[in-house]
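Student: Just dropping this structure here.
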Amino acid sequence: MAERDTRIGHREVALGRLAELAARGRARLLAHDPVTADEIDAAVANGVAVAEFPTTPEAARAARERGLRVVAGAPNVLRGGSHSGNVSAAELVAAGLVDGLSSDYLPSTPLAAALRLASLGIVPLPRAVALVTSGPASVAGLADRGALVAGQRGDLAVVTVERGWPTVRTTVTAGDSALLAGVGQ
């Protein structure tokens, strides 16, 4: 940490450049692991659009109040809490503070976490599914996808659940209905 602190000036230069790009719509910035409302305020001042994995309810509420999208960890949901003592993602979802679920190390967890949230009654199934469809699309700034709406990109995933774990069996992207011919065989 001491060595890192000797280079903090480089962070400020990089952050300034990234903030310029965000202001021009050329970059989408995320604040990783924010802890306090002050950290959220600093992130907003630098053009951040997303609070990624807020570590406290305070940070998640502050992000929501300041118009940031909020992403929580799907593995956190599946474990029943954070592996490092941070806020429970399910708690944030229950409070309506999460737009999307993601995982930076286990890509099968968002779908499983959504189904777990629904099965535990934390949110209804359509809201749980939105946490891995329209929520992430919104977080990424992709207004043309994430929901089955006329005029938008129509992507689908066919999923089965066996022994408590979901498996994607096939996908249909951008309305390619020809791929559905083999489903169910």
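Just remember, in the structure tokens the first chain shown is A, the second B, etc., residues are 1-based per chain, and ligands are 1-based in the order shown.
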Residues near Ala42 in chain A, anyone? I mean within 12 Å using only C-alpha atoms, not counting same-chain ones fewer than 3 positions away, as a ChimeraX atom specification.

Tutor: /A:12,15-16,19,30-31,34-39,45-49,51,59,62-63,66

Student: Considering only C-alpha atoms, return as a compact mmCIF listing (two decimals) with N, CA, C and O atoms, in the first residue's frame whatever protein or nucleic-acid residues lie within 8 Å of range 123-139 of chain A, sequence-local ones (same chain, fewer than 6 positions apart) excluded.

Tutor:
```
# COMPACT_ATOMS: atom_id res chain seq x y z
N VAL A 50 -21.80 3.63 -12.83
CA VAL A 50 -22.19 2.36 -12.21
C VAL A 50 -21.41 2.14 -10.92
O VAL A 50 -20.19 2.33 -10.89
N ARG A 69 -26.35 3.22 -11.68
CA ARG A 69 -26.77 1.83 -11.74
C ARG A 69 -25.95 1.07 -10.71
O ARG A 69 -24.81 1.44 -10.42
N VAL A 70 -26.52 0.00 -10.18
CA VAL A 70 -25.83 -0.78 -9.15
C VAL A 70 -25.76 -2.24 -9.58
O VAL A 70 -26.78 -2.84 -9.97
N VAL A 71 -24.55 -2.79 -9.53
CA VAL A 71 -24.32 -4.20 -9.85
C VAL A 71 -23.88 -4.90 -8.57
O VAL A 71 -23.02 -4.40 -7.84
N VAL A 93 -30.65 -6.60 -3.03
CA VAL A 93 -31.73 -6.89 -3.99
C VAL A 93 -33.08 -6.71 -3.30
O VAL A 93 -33.99 -6.08 -3.85
N ALA A 94 -33.24 -7.26 -2.11
CA ALA A 94 -34.50 -7.15 -1.37
C ALA A 94 -34.87 -5.69 -1.11
O ALA A 94 -36.06 -5.34 -1.11
N VAL A 98 -30.48 -2.97 -6.46
CA VAL A 98 -29.62 -3.64 -7.45
C VAL A 98 -30.29 -3.64 -8.82
O VAL A 98 -31.46 -4.00 -8.94
N ASP A 99 -29.53 -3.25 -9.83
CA ASP A 99 -30.01 -3.29 -11.21
C ASP A 99 -29.60 -4.56 -11.93
O ASP A 99 -30.31 -5.02 -12.82
N GLY A 100 -28.44 -5.09 -11.59
CA GLY A 100 -27.95 -6.27 -12.29
C GLY A 100 -27.03 -7.10 -11.43
O GLY A 100 -26.41 -6.60 -10.49
N LEU A 101 -26.97 -8.38 -11.75
CA LEU A 101 -26.06 -9.31 -11.10
C LEU A 101 -24.95 -9.66 -12.08
O LEU A 101 -25.20 -9.81 -13.28
N SER A 102 -23.75 -9.83 -11.56
CA SER A 102 -22.64 -10.26 -12.41
C SER A 102 -21.67 -11.06 -11.58
O SER A 102 -21.78 -11.15 -10.36
N PRO A 110 -24.67 -15.86 -12.40
CA PRO A 110 -25.79 -14.92 -12.45
C PRO A 110 -27.15 -15.59 -12.65
O PRO A 110 -28.11 -15.27 -11.94
N LEU A 111 -27.24 -16.52 -13.56
CA LEU A 111 -28.51 -17.20 -13.79
C LEU A 111 -28.92 -18.00 -12.55
O LEU A 111 -30.07 -17.93 -12.10
N ALA A 114 -30.14 -15.63 -9.86
CA ALA A 114 -31.49 -15.11 -10.13
C ALA A 114 -32.54 -16.13 -9.72
O ALA A 114 -33.54 -15.78 -9.06
N LEU A 115 -32.32 -17.38 -10.09
CA LEU A 115 -33.29 -18.42 -9.73
C LEU A 115 -33.34 -18.62 -8.21
O LEU A 115 -34.41 -18.85 -7.64
N LEU A 117 -32.77 -16.26 -5.91
CA LEU A 117 -33.51 -15.12 -5.35
C LEU A 117 -35.01 -15.33 -5.47
O LEU A 117 -35.77 -15.02 -4.54
N ARG A 145 -31.76 -3.90 -26.00
CA ARG A 145 -31.86 -5.32 -25.62
C ARG A 145 -32.12 -5.47 -24.12
O ARG A 145 -32.08 -4.52 -23.38
N GLY A 146 -32.37 -6.72 -23.74
CA GLY A 146 -32.55 -7.02 -22.32
C GLY A 146 -33.97 -7.35 -21.94
O GLY A 146 -34.23 -7.85 -20.85
N ALA A 147 -34.92 -7.06 -22.81
CA ALA A 147 -36.33 -7.35 -22.54
C ALA A 147 -37.00 -7.74 -23.86
O ALA A 147 -36.57 -7.31 -24.93
```

Student: Per residue of range 69-142 of chain A within 10 Å of range 159-170 of chain A, note the shortest atom pair and the distance in Å to one decimal, counting only C-alpha atoms, and order the rows by chain and increasing residue number, as JSON lines.

Tutor:
```
{"residue": "A:Ser108", "atom": "CA", "partner": "A:Pro166", "partner_atom": "CA", "distance": 8.4}
{"residue": "A:Thr109", "atom": "CA", "partner": "A:Pro166", "partner_atom": "CA", "distance": 9.2}
{"residue": "A:Leu111", "atom": "CA", "partner": "A:Pro166", "partner_atom": "CA", "distance": 7.0}
{"residue": "A:Ala112", "atom": "CA", "partner": "A:Pro166", "partner_atom": "CA", "distance": 6.0}
{"residue": "A:Ala113", "atom": "CA", "partner": "A:Pro166", "partner_atom": "CA", "distance": 9.7}
{"residue": "A:Leu115", "atom": "CA", "partner": "A:Pro166", "partner_atom": "CA", "distance": 8.2}
{"residue": "A:Arg116", "atom": "CA", "partner": "A:Gly164", "partner_atom": "CA", "distance": 9.2}
```

Student: Within 10 Å of Thr173 in chain A, counting only C-alpha atoms, which residues show up once you throw out same-chain ones fewer than 5 positions away? Write them as a PyMOL selection string, please.

Tutor: chain A and resi 153-157+179

Student: Counting only C-alpha atoms, which residue out of A:Leu97, A:Leu29, A:Leu21, A:Leu120 sits closest to Thr56 in chain A?

Tutor: A:Leu97

Student: Would you compute the distance between CA of Gly85 in chain A and CA of Ile122 in chain A? Give it in Å to one decimal.

Tutor: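 CA of Ile122 in chain A lies at a distance of 20.6 Å from CA of Gly85 in chain A.
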
Student: Using DSSP on the backbone coordinates, identify all residues within range 35-182 of chain A classified as alpha helix (DSSP H); present the result as an mmCIF file with C-alpha atoms, in the first residue's frame.

Tutor:
```
data_model
loop_
_atom_site.group_PDB
_atom_site.id
_atom_site.type_symbol
_atom_site.label_atom_id
_atom_site.label_comp_id
_atom_site.auth_asym_id
_atom_site.auth_seq_id
_atom_site.Cartn_x
_atom_site.Cartn_y
_atom_site.Cartn_z
ATOM 1 C CA ALA A 37 -21.523 7.910 0.292
ATOM 2 C CA ASP A 38 -18.443 10.161 0.010
ATOM 3 C CA GLU A 39 -16.815 7.608 -2.311
ATOM 4 C CA ILE A 40 -19.984 7.578 -4.411
ATOM 5 C CA ASP A 41 -19.944 11.391 -4.548
ATOM 6 C CA ALA A 42 -16.318 11.338 -5.735
ATOM 7 C CA ALA A 43 -17.212 8.721 -8.337
ATOM 8 C CA VAL A 44 -20.140 10.802 -9.620
ATOM 9 C CA ALA A 45 -17.888 13.865 -9.830
ATOM 10 C CA PRO A 57 -25.888 -0.579 2.259
ATOM 11 C CA GLU A 58 -24.800 3.074 2.642
ATOM 12 C CA ALA A 59 -22.850 2.989 -0.613
ATOM 13 C CA ALA A 60 -25.646 1.195 -2.478
ATOM 14 C CA ARG A 61 -28.276 3.672 -1.253
ATOM 15 C CA ALA A 62 -26.047 6.617 -2.108
ATOM 16 C CA ALA A 63 -25.462 5.219 -5.589
ATOM 17 C CA ARG A 64 -29.194 4.783 -6.147
ATOM 18 C CA GLU A 65 -29.968 8.289 -4.818
ATOM 19 C CA ALA A 74 -24.062 -13.305 -8.093
ATOM 20 C CA PRO A 75 -21.627 -15.538 -6.140
ATOM 21 C CA ASN A 76 -22.491 -13.480 -3.049
ATOM 22 C CA VAL A 77 -26.170 -14.429 -3.567
ATOM 23 C CA LEU A 78 -25.342 -18.115 -3.982
ATOM 24 C CA ARG A 79 -23.088 -18.208 -0.912
ATOM 25 C CA ALA A 89 -26.151 -8.964 -2.276
ATOM 26 C CA ALA A 90 -29.534 -10.571 -1.519
ATOM 27 C CA GLU A 91 -30.106 -7.880 1.124
ATOM 28 C CA LEU A 92 -29.420 -5.191 -1.470
ATOM 29 C CA VAL A 93 -31.731 -6.894 -3.990
ATOM 30 C CA ALA A 94 -34.501 -7.148 -1.369
ATOM 31 C CA THR A 109 -23.573 -17.816 -11.290
ATOM 32 C CA PRO A 110 -25.785 -14.917 -12.454
ATOM 33 C CA LEU A 111 -28.512 -17.198 -13.785
ATOM 34 C CA ALA A 112 -28.290 -19.502 -10.758
ATOM 35 C CA ALA A 113 -28.394 -16.503 -8.417
ATOM 36 C CA ALA A 114 -31.485 -15.109 -10.134
ATOM 37 C CA LEU A 115 -33.289 -18.422 -9.725
ATOM 38 C CA ARG A 116 -32.194 -18.610 -6.079
ATOM 39 C CA LEU A 117 -33.509 -15.119 -5.349
ATOM 40 C CA ALA A 118 -36.873 -16.131 -6.799
ATOM 41 C CA SER A 119 -36.981 -19.498 -5.027
ATOM 42 C CA LEU A 125 -39.172 -14.595 -10.882
ATOM 43 C CA PRO A 126 -39.664 -11.862 -13.548
ATOM 44 C CA ARG A 127 -37.699 -9.367 -11.424
ATOM 45 C CA ALA A 128 -35.028 -11.978 -10.715
ATOM 46 C CA VAL A 129 -34.633 -12.704 -14.430
ATOM 47 C CA ALA A 130 -34.449 -8.971 -15.141
ATOM 48 C CA SER A 134 -32.529 -5.982 -18.785
ATOM 49 C CA GLY A 135 -30.555 -4.902 -15.711
ATOM 50 C CA PRO A 136 -27.114 -5.679 -17.139
ATOM 51 C CA ALA A 137 -28.169 -4.288 -20.527
ATOM 52 C CA SER A 138 -29.075 -1.021 -18.826
ATOM 53 C CA VAL A 139 -25.849 -1.044 -16.814
#
```

Student: From a backbone DSSP assignment, name each residue in range 17-71 of chain A labelled strand (DSSP E), as a PDB file with N, CA and C atoms, in the first residue's frame.

Tutor:
```
ATOM      1  N   LEU A  29     -17.777   4.435 -16.981  1.00  0.00           N
ATOM      2  CA  LEU A  29     -16.950   4.194 -15.813  1.00  0.00           C
ATOM      3  C   LEU A  29     -17.744   3.525 -14.697  1.00  0.00           C
ATOM      4  N   LEU A  30     -17.064   2.621 -13.988  1.00  0.00           N
ATOM      5  CA  LEU A  30     -17.639   1.917 -12.854  1.00  0.00           C
ATOM      6  C   LEU A  30     -16.789   2.173 -11.623  1.00  0.00           C
ATOM      7  N   ALA A  31     -17.437   2.341 -10.487  1.00  0.00           N
ATOM      8  CA  ALA A  31     -16.737   2.451  -9.208  1.00  0.00           C
ATOM      9  C   ALA A  31     -16.774   1.075  -8.567  1.00  0.00           C
ATOM     10  N   HIS A  32     -15.614   0.487  -8.348  1.00  0.00           N
ATOM     11  CA  HIS A  32     -15.522  -0.875  -7.818  1.00  0.00           C
ATOM     12  C   HIS A  32     -15.422  -0.859  -6.294  1.00  0.00           C
ATOM     13  N   VAL A  48     -18.600   8.642 -13.193  1.00  0.00           N
ATOM     14  CA  VAL A  48     -18.931   7.228 -13.026  1.00  0.00           C
ATOM     15  C   VAL A  48     -20.434   7.027 -13.210  1.00  0.00           C
ATOM     16  N   ALA A  49     -20.809   5.949 -13.886  1.00  0.00           N
ATOM     17  CA  ALA A  49     -22.214   5.644 -14.151  1.00  0.00           C
ATOM     18  C   ALA A  49     -22.722   4.439 -13.366  1.00  0.00           C
ATOM     19  N   VAL A  50     -21.802   3.632 -12.826  1.00  0.00           N
ATOM     20  CA  VAL A  50     -22.186   2.363 -12.207  1.00  0.00           C
ATOM     21  C   VAL A  50     -21.408   2.142 -10.915  1.00  0.00           C
ATOM     22  N   ALA A  51     -22.117   1.728  -9.869  1.00  0.00           N
ATOM     23  CA  ALA A  51     -21.472   1.275  -8.636  1.00  0.00           C
ATOM     24  C   ALA A  51     -21.409  -0.247  -8.714  1.00  0.00           C
ATOM     25  N   GLU A  52     -20.194  -0.759  -8.841  1.00  0.00           N
ATOM     26  CA  GLU A  52     -19.995  -2.198  -9.001  1.00  0.00           C
ATOM     27  C   GLU A  52     -19.609  -2.808  -7.661  1.00  0.00           C
ATOM     28  N   ARG A  69     -26.350   3.223 -11.681  1.00  0.00           N
ATOM     29  CA  ARG A  69     -26.772   1.830 -11.744  1.00  0.00           C
ATOM     30  C   ARG A  69     -25.948   1.073 -10.711  1.00  0.00           C
ATOM     31  N   VAL A  70     -26.520  -0.003 -10.178  1.00  0.00           N
ATOM     32  CA  VAL A  70     -25.831  -0.781  -9.148  1.00  0.00           C
ATOM     33  C   VAL A  70     -25.763  -2.239  -9.584  1.00  0.00           C
ATOM     34  N   VAL A  71     -24.553  -2.792  -9.526  1.00  0.00           N
ATOM     35  CA  VAL A  71     -24.317  -4.195  -9.849  1.00  0.00           C
ATOM     36  C   VAL A  71     -23.878  -4.901  -8.566  1.00  0.00           C
TER      37      VAL A  71
END
```

Student: Find the spatial neighbours of Thr55 in chain A, counting only C-alpha atoms, within a cut-off of 6 Å - ignore same-chain residues fewer than 6 positions away - and output them as an NGL selection string.

Tutor: :A and (33 or 35 or 86-87)

Student: Go ahead and compute the interatomic distance for CA of Asp144 in chain A and CA of Ala174 in chain A, in Å to one decimal.

Tutor: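 Separation of CA of Asp144 in chain A and CA of Ala174 in chain A: 10.5 Å.
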
Student: Kindly give the distance, in Å, that separates CA of Gly25 in chain A and CA of Gly141 in chain A, rounded to a single decimal.

Tutor: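 Separation of CA of Gly25 in chain A and CA of Gly141 in chain A: 10.3 Å.
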